[in-house]
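Student: File follows, run23.txt with compact mmCIF, C-alpha atoms:
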```txt
# COMPACT_ATOMS: atom_id res chain seq x y z
CA MET K 17 -11.01 -10.63 -8.96
CA SER K 18 -7.94 -10.88 -6.77
CA LEU K 19 -6.74 -8.94 -3.76
CA PRO K 20 -5.10 -5.59 -4.48
CA PRO K 21 -1.64 -4.87 -3.04
CA PHE K 22 -1.90 -4.19 0.70
CA GLU K 23 -0.39 -0.76 0.07
CA VAL K 24 -3.63 0.14 -1.71
CA VAL K 25 -5.65 -0.98 1.32
CA VAL K 26 -3.61 1.34 3.56
CA ALA K 27 -3.97 4.23 1.10
CA ASP K 28 -7.72 3.73 0.64
CA HIS K 29 -8.74 3.13 4.26
CA GLY K 30 -5.90 4.42 6.48
CA THR K 31 -7.49 7.74 7.38
CA THR K 32 -10.93 6.24 7.98
CA VAL K 33 -9.49 3.63 10.32
CA LEU K 34 -7.59 6.38 12.13
CA ARG K 35 -10.88 8.26 12.61
CA ILE K 36 -12.50 5.15 14.00
CA CYS K 37 -9.55 4.50 16.33
CA ARG K 38 -9.59 8.08 17.60
CA ALA K 39 -13.31 7.93 18.28
CA MET K 40 -12.88 4.60 20.08
CA VAL K 41 -9.78 5.10 22.23
CA GLY K 42 -9.02 8.82 22.07
CA THR K 43 -6.34 10.70 20.20
CA ASP K 44 -3.43 9.69 22.46
CA ASP K 45 -3.82 5.96 21.95
CA ALA K 46 -5.21 6.04 18.40
CA ASP K 47 -1.80 5.60 16.72
CA ASP K 48 -1.17 2.39 18.68
CA ALA K 49 -4.62 1.04 17.83
CA TRP K 50 -4.16 1.97 14.15
CA ALA K 51 -0.73 0.30 13.90
CA GLU K 52 -1.93 -2.86 15.61
CA THR K 53 -5.02 -2.97 13.41
CA PHE K 54 -3.06 -2.76 10.16
CA LEU K 55 -0.37 -5.16 11.36
CA ALA K 56 -3.02 -7.77 12.22
CA ALA K 57 -4.80 -7.04 8.93
CA LEU K 58 -1.56 -7.52 6.97
CA ALA K 59 -0.95 -10.87 8.66
CA ALA K 60 -4.46 -12.11 7.81
CA TYR K 61 -4.76 -10.38 4.42
CA PRO K 62 -3.92 -13.30 2.07
CA ARG K 63 -6.86 -15.23 3.54
CA LEU K 64 -9.39 -12.44 2.98
CA GLU K 65 -12.04 -13.28 0.39
CA PRO K 66 -11.66 -11.09 -2.69
CA ASN K 67 -14.56 -8.61 -3.04
CA SER K 68 -15.02 -8.43 0.73
CA ASN K 69 -16.00 -5.16 2.37
CA VAL K 70 -12.39 -4.29 3.26
CA ARG K 71 -13.35 -1.23 5.29
CA GLY K 72 -15.80 -3.27 7.35
CA TRP K 73 -13.18 -5.98 7.85
CA LEU K 74 -10.67 -3.39 9.06
CA ALA K 75 -13.29 -1.87 11.39
CA THR K 76 -13.89 -5.30 12.89
CA ILE K 77 -10.18 -5.67 13.62
CA ALA K 78 -9.97 -2.08 14.91
CA HIS K 79 -12.87 -2.78 17.26
CA ARG K 80 -11.01 -5.71 18.82
CA LYS K 81 -7.77 -3.74 19.07
CA ALA K 82 -9.61 -0.85 20.69
CA ILE K 83 -11.11 -3.16 23.29
CA ASP K 84 -7.64 -4.61 23.99
CA GLN K 85 -6.27 -1.14 24.40
CA ILE K 86 -9.04 -0.01 26.70
CA ARG K 87 -8.53 -3.13 28.82
CA LYS K 88 -4.83 -2.47 28.92
CA ARG K 89 -5.50 1.05 30.04
CA ASN K 90 -7.79 -0.45 32.66
CA ARG K 91 -10.20 2.41 32.74
CA ALA K 92 -13.74 3.08 31.67
CA PRO K 93 -14.18 2.71 27.90
CA LEU K 94 -15.33 6.28 27.54
CA PRO K 95 -12.56 8.40 26.09
CA VAL K 96 -14.62 11.56 26.33
CA ASP K 97 -12.56 13.09 29.11
CA ARG K 98 -9.38 12.45 27.14
CA LEU K 99 -10.46 14.23 24.03
CA PRO K 100 -9.04 17.71 23.95
CA GLU K 101 -11.28 20.61 23.22
CA VAL K 102 -10.21 21.93 19.85
CA PRO K 103 -10.34 25.68 20.17
CA GLY K 104 -10.15 27.66 16.98
CA ARG K 105 -7.52 30.33 16.60
CA CYS K 106 -8.30 33.82 17.88
CA GLY K 107 -11.36 32.59 19.74
CA GLU K 108 -13.14 31.47 16.60
CA PRO K 109 -15.09 28.28 16.84
CA ALA K 110 -13.18 25.15 15.87
CA PRO K 111 -13.84 23.70 12.39
CA ARG K 112 -17.24 22.01 12.26
CA HIS K 113 -15.51 18.86 11.07
CA ASP K 114 -13.73 18.36 14.38
CA ASP K 115 -16.87 19.24 16.35
CA LEU K 116 -18.69 16.40 14.65
CA TRP K 117 -15.97 13.88 15.47
CA THR K 118 -15.81 15.12 19.06
CA ALA K 119 -19.56 14.52 19.19
CA VAL K 120 -19.07 11.00 17.78
CA ALA K 121 -16.47 10.23 20.44
CA ALA K 122 -18.83 11.55 23.12
CA LEU K 123 -21.69 9.19 22.18
CA PRO K 124 -22.53 6.30 24.52
CA THR K 125 -20.46 3.21 23.63
CA LYS K 126 -23.14 1.30 21.71
CA GLN K 127 -24.36 4.31 19.75
CA ARG K 128 -20.81 5.30 18.89
CA GLY K 129 -19.95 1.78 17.76
CA ALA K 130 -23.15 1.47 15.73
CA VAL K 131 -22.57 4.81 13.95
CA LEU K 132 -18.89 4.03 13.25
CA TYR K 133 -19.35 0.47 12.09
CA HIS K 134 -22.51 0.97 10.09
CA TYR K 135 -22.27 4.49 8.70
CA VAL K 136 -18.49 4.93 8.51
CA ALA K 137 -17.32 1.36 7.88
CA GLY K 138 -20.36 0.15 5.94
CA LEU K 139 -21.03 -3.02 7.93
CA PRO K 140 -24.59 -4.41 7.86
CA TYR K 141 -26.51 -4.18 11.16
CA ALA K 142 -26.28 -7.93 11.75
CA GLU K 143 -22.47 -7.69 11.87
CA VAL K 144 -22.57 -4.46 13.86
CA GLY K 145 -24.75 -6.29 16.39
CA GLN K 146 -22.18 -9.09 16.68
CA LEU K 147 -19.39 -6.61 17.33
CA LEU K 148 -21.44 -4.83 19.97
CA ASP K 149 -22.79 -8.01 21.60
CA SER K 150 -26.34 -7.08 20.76
CA SER K 151 -29.04 -8.00 18.28
CA GLU K 152 -29.38 -6.69 14.78
CA ALA K 153 -32.45 -4.70 15.85
CA ALA K 154 -30.64 -3.21 18.83
CA ALA K 155 -27.73 -2.21 16.61
CA ARG K 156 -30.14 -0.53 14.23
CA ARG K 157 -31.77 1.36 17.10
CA ALA K 158 -28.40 2.39 18.55
CA ALA K 159 -27.28 3.72 15.15
CA ALA K 160 -30.53 5.68 14.76
CA ASP K 161 -30.21 7.09 18.29
CA GLY K 162 -26.58 7.99 17.62
CA MET K 163 -27.43 9.75 14.38
CA ARG K 164 -30.23 11.64 16.11
CA ALA K 165 -27.79 12.82 18.78
CA LEU K 166 -25.27 13.91 16.11
CA ARG K 167 -28.02 15.65 14.22
CA SER K 168 -28.97 17.71 17.27
CA THR K 169 -25.29 18.66 17.65
CA VAL K 170 -25.23 19.84 14.07
CA THR K 171 -28.45 21.75 14.56
CA ARG K 172 -27.04 23.48 17.62
CA GLU K 173 -23.88 24.34 15.68
CA THR K 174 -25.72 25.92 12.83
CA SER K 175 -28.41 27.74 14.82
CA MET X 10 -34.59 18.62 7.51
CA THR X 11 -31.84 16.87 5.56
CA PHE X 12 -29.06 16.90 8.08
CA GLU X 13 -28.29 13.21 7.83
CA PRO X 14 -26.66 13.23 4.39
CA ASP X 15 -24.64 16.21 5.60
CA ILE X 16 -23.43 14.26 8.64
CA LEU X 17 -22.63 11.21 6.52
CA THR X 18 -20.64 13.32 4.09
CA ARG X 19 -18.69 14.86 6.90
CA LEU X 20 -18.02 11.49 8.54
CA GLY X 21 -16.50 10.36 5.26
CA GLN X 22 -14.26 13.38 4.81
CA HIS X 23 -10.58 13.37 5.69
CA ASN X 24 -8.98 16.49 7.01
CA ASP X 25 -5.39 17.49 6.30
CA GLU X 26 -4.27 16.46 9.75
CA SER X 27 -5.34 12.84 9.35
CA LEU X 28 -3.62 12.72 5.95
CA GLU X 29 -0.42 14.05 7.53
CA SER X 30 -0.61 11.33 10.16
CA MET X 31 -0.56 8.71 7.42
CA GLY X 32 3.14 9.25 6.65
CA ARG X 33 4.12 8.64 10.24
CA LEU X 34 1.75 5.69 10.67
CA HIS X 35 2.79 4.09 7.38
CA ALA X 36 6.46 4.18 8.40
CA ARG X 37 5.55 2.63 11.73
CA LEU X 38 3.55 -0.13 10.04
CA VAL X 39 6.41 -0.93 7.65
CA GLU X 40 8.88 -1.16 10.52
CA ALA X 41 6.65 -3.46 12.60
CA ALA X 42 5.69 -5.57 9.57
CA SER X 43 9.33 -5.93 8.49
CA SER X 44 10.42 -7.11 11.93
CA GLU X 45 7.64 -9.74 11.85
CA ASP X 46 8.52 -10.83 8.28
CA LEU X 47 5.11 -9.81 6.98
CA VAL X 48 6.28 -7.76 3.99
CA ASP X 49 6.36 -10.41 1.25
CA VAL X 50 6.96 -7.82 -1.48
CA ALA X 51 8.68 -4.51 -0.67
CA TYR X 52 8.87 -1.79 -3.28
CA ARG X 53 10.09 1.70 -3.95
CA ILE X 54 10.21 4.11 -6.87
CA LEU X 55 13.61 5.27 -8.16
CA ASP X 56 14.07 8.30 -10.40
CA THR X 57 16.53 7.57 -13.22
CA PRO X 58 17.55 9.12 -16.57
CA VAL X 59 15.15 6.68 -18.27
CA GLY X 60 12.18 7.64 -16.11
CA SER X 61 11.00 6.40 -12.76
CA LEU X 62 11.68 2.73 -12.13
CA LEU X 63 9.60 0.56 -9.84
CA LEU X 64 11.88 -1.74 -7.82
CA ALA X 65 10.34 -4.66 -5.95
CA ALA X 66 11.97 -7.33 -3.80
CA THR X 67 10.95 -10.43 -1.90
CA THR X 68 12.99 -11.69 1.05
CA VAL X 69 14.99 -13.68 -1.55
CA GLY X 70 16.00 -10.73 -3.70
CA VAL X 71 14.95 -8.27 -6.40
CA VAL X 72 11.89 -9.79 -8.07
CA ARG X 73 10.71 -7.01 -10.39
CA ILE X 74 11.93 -3.84 -12.07
CA ALA X 75 9.44 -1.91 -14.18
CA PHE X 76 9.48 1.18 -16.37
CA ASP X 77 6.80 3.89 -16.44
CA ALA X 78 5.63 2.48 -19.76
CA GLN X 79 4.65 -0.74 -18.01
CA CYS X 80 2.34 1.15 -15.59
CA HIS X 81 3.56 0.75 -12.02
CA ASP X 82 0.08 0.17 -10.58
CA ALA X 83 -0.55 -2.68 -12.99
CA VAL X 84 2.83 -4.21 -12.09
CA LEU X 85 2.00 -4.01 -8.36
CA ASP X 86 -1.36 -5.69 -9.03
CA ASP X 87 0.49 -8.40 -10.91
CA LEU X 88 2.92 -8.92 -8.01
CA ALA X 89 -0.01 -9.13 -5.57
CA ARG X 90 -1.58 -11.83 -7.75
CA LYS X 91 1.51 -13.86 -8.60
CA VAL X 92 3.76 -13.48 -5.55
CA SER X 93 1.74 -12.28 -2.54
CA PRO X 94 -0.84 -9.57 -1.77
CA ARG X 95 1.32 -8.51 1.18
CA VAL X 96 2.85 -5.71 -0.89
CA LEU X 97 4.08 -2.58 0.91
CA ARG X 98 6.08 0.48 -0.07
CA ALA X 99 9.14 -0.27 2.07
CA PRO X 100 12.11 1.56 0.52
CA ALA X 101 14.80 0.40 2.95
CA ARG X 102 14.81 -3.16 1.64
CA LEU X 103 15.71 -1.79 -1.81
CA ASP X 104 18.51 0.51 -0.67
CA LEU X 105 21.23 -1.73 -2.10
CA ALA X 106 19.48 -2.11 -5.46
CA ALA X 107 18.77 1.63 -5.64
CA ARG X 108 22.40 2.47 -4.88
CA GLN X 109 23.74 0.10 -7.54
CA LEU X 110 21.29 1.41 -10.12
CA ASP X 111 22.29 5.00 -9.30
CA GLU X 112 25.92 4.00 -9.84
CA TYR X 113 25.03 2.24 -13.08
CA PHE X 114 23.18 5.27 -14.46
CA SER X 115 26.10 7.54 -13.55
CA GLY X 116 28.38 5.21 -15.56
CA ARG X 117 30.44 4.11 -12.54
CA ARG X 118 29.03 0.59 -12.27
CA HIS X 119 29.37 -1.97 -15.06
CA SER X 120 27.87 -5.03 -13.38
CA PHE X 121 25.33 -5.66 -10.66
CA ASP X 122 25.93 -7.62 -7.51
CA LEU X 123 22.41 -8.13 -6.20
CA PRO X 124 20.44 -11.11 -4.94
CA LEU X 125 17.71 -11.81 -7.49
CA ASP X 126 14.42 -13.67 -7.16
CA LEU X 127 13.62 -14.98 -10.66
CA GLN X 128 10.40 -16.77 -9.69
CA LEU X 129 8.47 -14.76 -12.32
CA ALA X 130 10.50 -16.29 -15.16
CA ARG X 131 10.20 -20.01 -15.75
CA GLY X 132 11.46 -22.64 -18.15
CA PHE X 133 13.09 -21.42 -21.35
CA ARG X 134 12.64 -17.76 -20.33
CA ARG X 135 14.63 -18.40 -17.19
CA LEU X 136 17.40 -20.00 -19.27
CA VAL X 137 17.50 -16.95 -21.52
CA LEU X 138 17.89 -14.63 -18.51
CA GLY X 139 20.78 -16.75 -17.27
CA ARG X 140 22.45 -16.38 -20.65
CA LEU X 141 21.92 -12.60 -20.75
CA THR X 142 23.93 -12.06 -17.58
CA ASP X 143 26.96 -13.28 -19.55
CA LEU X 144 26.73 -10.34 -21.94
CA ASP X 145 29.42 -7.82 -21.09
CA TYR X 146 28.78 -4.16 -20.37
CA GLY X 147 28.74 -2.18 -23.60
CA SER X 148 28.50 -5.29 -25.78
CA MET X 149 25.58 -6.37 -27.95
CA ALA X 150 24.34 -9.72 -29.20
CA SER X 151 21.61 -10.63 -31.67
CA TYR X 152 18.52 -12.58 -30.68
CA ALA X 153 19.76 -15.34 -33.00
CA ALA X 154 23.18 -15.42 -31.35
CA VAL X 155 21.64 -15.79 -27.88
CA ALA X 156 19.42 -18.57 -29.23
CA ALA X 157 22.46 -20.30 -30.73
CA ALA X 158 24.37 -19.98 -27.46
CA LEU X 159 21.48 -21.80 -25.79
CA GLY X 160 21.88 -24.60 -28.33
CA ASN X 161 18.68 -23.75 -30.16
CA PRO X 162 19.52 -21.52 -33.16
CA LYS X 163 15.91 -21.50 -34.36
CA ALA X 164 14.62 -19.98 -31.12
CA ALA X 165 15.48 -16.33 -31.90
CA ARG X 166 11.81 -15.36 -31.66
CA ALA X 167 11.45 -17.13 -28.31
CA VAL X 168 14.52 -15.25 -27.08
CA GLY X 169 12.78 -12.02 -28.08
CA THR X 170 9.69 -13.07 -26.15
CA ALA X 171 11.82 -13.92 -23.11
CA CYS X 172 13.48 -10.48 -23.27
CA ALA X 173 10.08 -8.80 -23.51
CA ALA X 174 8.99 -10.69 -20.40
CA ASN X 175 12.21 -10.05 -18.44
CA PRO X 176 11.00 -9.31 -14.88
CA VAL X 177 14.22 -7.52 -13.94
CA PRO X 178 15.35 -5.39 -16.92
CA VAL X 179 18.52 -3.26 -16.65
CA VAL X 180 19.94 -5.58 -13.96
CA VAL X 181 19.53 -8.56 -16.30
CA PRO X 182 20.66 -6.73 -19.45
CA CYS X 183 18.12 -7.68 -22.11
CA HIS X 184 18.78 -4.24 -23.62
CA ARG X 185 22.07 -5.68 -24.96
CA VAL X 186 20.16 -8.03 -27.25
CA VAL X 187 19.44 -6.43 -30.62
CA ARG X 188 18.33 -7.42 -34.11
CA SER X 189 20.71 -9.18 -36.46
CA ASP X 190 20.64 -6.15 -38.77
CA GLY X 191 21.99 -4.01 -35.92
CA SER X 192 18.76 -2.12 -35.19
CA ALA X 193 17.75 -1.93 -31.56
CA GLY X 194 14.57 -4.03 -31.68
CA GLY X 195 11.85 -3.78 -29.06
CA TYR X 196 12.24 -3.20 -25.34
CA VAL X 197 10.10 -3.52 -22.20
CA GLY X 198 10.83 0.09 -21.35
CA GLY X 199 10.31 1.38 -24.87
CA VAL X 200 12.89 1.64 -27.62
CA GLU X 201 14.00 5.11 -26.46
CA ALA X 202 15.04 3.68 -23.09
CA LYS X 203 16.89 0.86 -24.85
CA ARG X 204 18.85 3.32 -27.01
CA ALA X 205 19.62 5.43 -23.92
CA LEU X 206 21.00 2.43 -22.02
CA LEU X 207 23.13 1.32 -24.99
CA ALA X 208 24.45 4.88 -25.44
CA LEU X 209 25.24 5.13 -21.72
CA GLU X 210 27.24 1.90 -21.87
CA THR X 211 29.03 2.84 -25.07
CA ALA X 212 30.07 6.15 -23.53
CA ASN X 213 31.38 4.58 -20.32
CA ARG X 214 32.96 1.46 -21.75
CA LEU X 215 36.65 1.21 -20.89
```
For this file, produce the structure as C-alpha cells.

Tutor:
Amino acid sequence: MSLPPFEVVVADHGTTVLRICRAMVGTDDADDAWAETFLAALAAYPRLEPNSNVRGWLATIAHRKAIDQIRKRNRAPLPVDRLPEVPGRCGEPAPRHDDLWTAVAALPTKQRGAVLYHYVAGLPYAEVGQLLDSSEAAARRAAADGMRALRSTVTRETS
Amino acid sequence: MTFEPDILTRLGQHNDESLESMGRLHARLVEAASSEDLVDVAYRILDTPVGSLLLAATTVGVVRIAFDAQCHDAVLDDLARKVSPRVLRAPARLDLAARQLDEYFSGRRHSFDLPLDLQLARGFRRLVLGRLTDLDYGSMASYAAVAAALGNPKAARAVGTACAANPVPVVVPCHRVVRSDGSAGGYVGGVEAKRALLALETANRL
C-alpha cells in the first residue's frame, strides 16, 4: 500500500477536521486552525506510514494547532461563550445536528478532547491520553463522562 | 436506551454548511501550500472535444496528461506513488497548458510551447518521445519509420509500446504515429480519440 494523493485526504477528512476545529476553537477561528492543520499535514505527509489512521493523525495536528491558536488569543480555552446560538427560522428549534455540536463545544476541555479524538477521530485511548496530558484510563473516563453529558442533552432534546 | 449509536452517527455526519466551507478552505490551502512550495503535483481537469483531460504538472513542467479511458483516479494514485503524494487540485499552475490545449482543440494552435517534465518516461521511451515532437502538425508517420529514424528499424513494436506509455499525449503527438498499412493503430485515449485528433489536424492544416 502507498499513500493516496493528498487531495483525497482533504476530500475524505476535511469536514471532520473542520468540525473538530470548530469544537476546539470556536467558529470564528476554525478556518485558521483548519488551514494550518492541513498545511502542516501536507508538509509532513510523505513521511506518514502508509495504512496509518489518517483521521487520527490529522486530529493530533489539529489539537496542536488549536492550542497554538488559543494561546495566541490569550484567553481561556473554553470557546463556549463564542459559539453563537443557532436559532431556527420562525422560532423553530435549530436542527438537532447543530445542537449536538454546540453541546460538544460546551463540554469541559478534557471531555471534549476525549470525545473528539476517540469517537470522532478514532484514536485509541492511549493516544488520546497523550494529547490530553493524562493517562489512558483518565482519557477513557473523560470520554465516557463526555458521552454521558451528550446523551443527557439528546434526551432533553427529544423529551 | 440506545442513544450512544445515535450520537456517534450524528457526530460523523456532515451538514451542507461544512461541505460548502470546503471550497473556500481548499482554495486557501492551495494558495498557502503553493507559496510554500508544498504542491509537488498540481492538477486540474479540462473539458475537451475528446472528453475530459486530466492535466498534472510538477514545478518543472507538465508531467502527465490522461484521458477518461485511463481513469483519472488511477492516474492520480500513480502520480502519488511515482512522483510525490503531495498531489493537490491546483488549477492555476495549469492555466498555460489549459489555454494552449483549448487553442489546439479549436484548430488555432499547431504546436505547443510548454515546459515538460518527462520523468515518467525513461530510456528508449524517452528517446521515442523526443522523436515524436519532430512530427509536424497534420502529418503522420509509421511506427517503423519512427524506429528507423531512431536508428533501430527493428524496434517498431517498442515504438508502439513507448507511444502507449506516453505520459503527455496530445502535447507530445503520439497520435501522429500510425500503422504502416495506414490504419490508425492503438491509442492511450482510445482509437476514437486518435481519429478525432487526426481529423482535427487534417481539417486545420494550412

Student: Chain X near chain K within 10 Å: what's each residue's closest atom pair and its distance in Å to one decimal, counting all atoms listed in the file, ordered by chain then ascending residue number, as JSON lines?

Tutor:
```
{"residue": "X:Met10", "atom": "CA", "partner": "K:Arg167", "partner_atom": "CA", "distance": 9.8}
{"residue": "X:Thr11", "atom": "CA", "partner": "K:Arg167", "partner_atom": "CA", "distance": 9.5}
{"residue": "X:Phe12", "atom": "CA", "partner": "K:Arg167", "partner_atom": "CA", "distance": 6.4}
{"residue": "X:Glu13", "atom": "CA", "partner": "K:Arg167", "partner_atom": "CA", "distance": 6.8}
{"residue": "X:Asp15", "atom": "CA", "partner": "K:Val170", "partner_atom": "CA", "distance": 9.2}
{"residue": "X:Ile16", "atom": "CA", "partner": "K:Arg167", "partner_atom": "CA", "distance": 7.4}
{"residue": "X:Leu17", "atom": "CA", "partner": "K:Tyr135", "partner_atom": "CA", "distance": 7.1}
{"residue": "X:Thr18", "atom": "CA", "partner": "K:Val136", "partner_atom": "CA", "distance": 9.7}
{"residue": "X:Arg19", "atom": "CA", "partner": "K:His113", "partner_atom": "CA", "distance": 6.6}
{"residue": "X:Leu20", "atom": "CA", "partner": "K:Val136", "partner_atom": "CA", "distance": 6.6}
{"residue": "X:Gly21", "atom": "CA", "partner": "K:Val136", "partner_atom": "CA", "distance": 6.6}
{"residue": "X:Gln22", "atom": "CA", "partner": "K:His113", "partner_atom": "CA", "distance": 8.4}
{"residue": "X:His23", "atom": "CA", "partner": "K:Thr31", "partner_atom": "CA", "distance": 6.6}
{"residue": "X:Asn24", "atom": "CA", "partner": "K:His113", "partner_atom": "CA", "distance": 8.0}
{"residue": "X:Glu26", "atom": "CA", "partner": "K:Thr31", "partner_atom": "CA", "distance": 9.6}
{"residue": "X:Ser27", "atom": "CA", "partner": "K:Thr31", "partner_atom": "CA", "distance": 5.9}
{"residue": "X:Leu28", "atom": "CA", "partner": "K:Thr31", "partner_atom": "CA", "distance": 6.5}
{"residue": "X:Glu29", "atom": "CA", "partner": "K:Thr31", "partner_atom": "CA", "distance": 9.5}
{"residue": "X:Ser30", "atom": "CA", "partner": "K:Thr31", "partner_atom": "CA", "distance": 8.2}
{"residue": "X:Met31", "atom": "CA", "partner": "K:Gly30", "partner_atom": "CA", "distance": 6.9}
{"residue": "X:Arg33", "atom": "CA", "partner": "K:Asp47", "partner_atom": "CA", "distance": 9.3}
{"residue": "X:Leu34", "atom": "CA", "partner": "K:Ala51", "partner_atom": "CA", "distance": 6.8}
{"residue": "X:His35", "atom": "CA", "partner": "K:Val26", "partner_atom": "CA", "distance": 7.9}
{"residue": "X:Ala36", "atom": "CA", "partner": "K:Ala51", "partner_atom": "CA", "distance": 9.8}
{"residue": "X:Arg37", "atom": "CA", "partner": "K:Ala51", "partner_atom": "CA", "distance": 7.0}
{"residue": "X:Leu38", "atom": "CA", "partner": "K:Ala51", "partner_atom": "CA", "distance": 5.8}
{"residue": "X:Val39", "atom": "CA", "partner": "K:Leu55", "partner_atom": "CA", "distance": 8.8}
{"residue": "X:Ala41", "atom": "CA", "partner": "K:Leu55", "partner_atom": "CA", "distance": 7.3}
{"residue": "X:Ala42", "atom": "CA", "partner": "K:Leu55", "partner_atom": "CA", "distance": 6.3}
{"residue": "X:Glu45", "atom": "CA", "partner": "K:Ala59", "partner_atom": "CA", "distance": 9.2}
{"residue": "X:Asp46", "atom": "CA", "partner": "K:Ala59", "partner_atom": "CA", "distance": 9.5}
{"residue": "X:Leu47", "atom": "CA", "partner": "K:Ala59", "partner_atom": "CA", "distance": 6.4}
{"residue": "X:Val48", "atom": "CA", "partner": "K:Leu58", "partner_atom": "CA", "distance": 8.4}
{"residue": "X:Val50", "atom": "CA", "partner": "K:Pro21", "partner_atom": "CA", "distance": 9.2}
{"residue": "X:Ala51", "atom": "CA", "partner": "K:Glu23", "partner_atom": "CA", "distance": 9.8}
{"residue": "X:Tyr52", "atom": "CA", "partner": "K:Glu23", "partner_atom": "CA", "distance": 9.9}
{"residue": "X:Asp82", "atom": "CA", "partner": "K:Pro21", "partner_atom": "CA", "distance": 9.2}
{"residue": "X:Leu85", "atom": "CA", "partner": "K:Pro21", "partner_atom": "CA", "distance": 6.5}
{"residue": "X:Asp86", "atom": "CA", "partner": "K:Pro20", "partner_atom": "CA", "distance": 5.9}
{"residue": "X:Asp87", "atom": "CA", "partner": "K:Pro21", "partner_atom": "CA", "distance": 8.9}
{"residue": "X:Leu88", "atom": "CA", "partner": "K:Pro21", "partner_atom": "CA", "distance": 7.9}
{"residue": "X:Ala89", "atom": "CA", "partner": "K:Pro21", "partner_atom": "CA", "distance": 5.2}
{"residue": "X:Arg90", "atom": "CA", "partner": "K:Ser18", "partner_atom": "CA", "distance": 6.5}
{"residue": "X:Ser93", "atom": "CA", "partner": "K:Pro62", "partner_atom": "CA", "distance": 7.4}
{"residue": "X:Pro94", "atom": "CA", "partner": "K:Pro21", "partner_atom": "CA", "distance": 4.9}
{"residue": "X:Arg95", "atom": "CA", "partner": "K:Phe22", "partner_atom": "CA", "distance": 5.4}
{"residue": "X:Val96", "atom": "CA", "partner": "K:Pro21", "partner_atom": "CA", "distance": 5.0}
{"residue": "X:Leu97", "atom": "CA", "partner": "K:Glu23", "partner_atom": "CA", "distance": 4.9}
{"residue": "X:Arg98", "atom": "CA", "partner": "K:Glu23", "partner_atom": "CA", "distance": 6.6}
{"residue": "X:Ala99", "atom": "CA", "partner": "K:Glu23", "partner_atom": "CA", "distance": 9.7}
```

Student: Would you mind reading off the distance between atom CA of Arg80 of chain K and atom CA of Ser68 of chain K, one decimal, in Å?

Tutor: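 Atom CA of Ser68 of chain K lies 18.7 Å from atom CA of Arg80 of chain K.
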
Student: Need to verify the contact set: Ser120 of chain X, 12 Å, only C-alpha atoms, exclusion of same-chain residues closer than 5 positions in sequence. Can you return it as a ChimeraX atom specification?

Tutor: /X:106,109-110,112-114,142-147,179-182,210,214

Student: Atom CA of Thr125 of chain K and atom CA of Ser150 of chain K, how far apart in Å?

Tutor: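 Those two atoms sit 12.2 Å apart.
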
Student: Skipping near chain neighbours, those fewer than 2 positions away, what residues fall within 7 Å of Met40 of chain K using only C-alpha atoms, listed as number ranges by chain?

Tutor: K: 36-38, 42, 82, 121
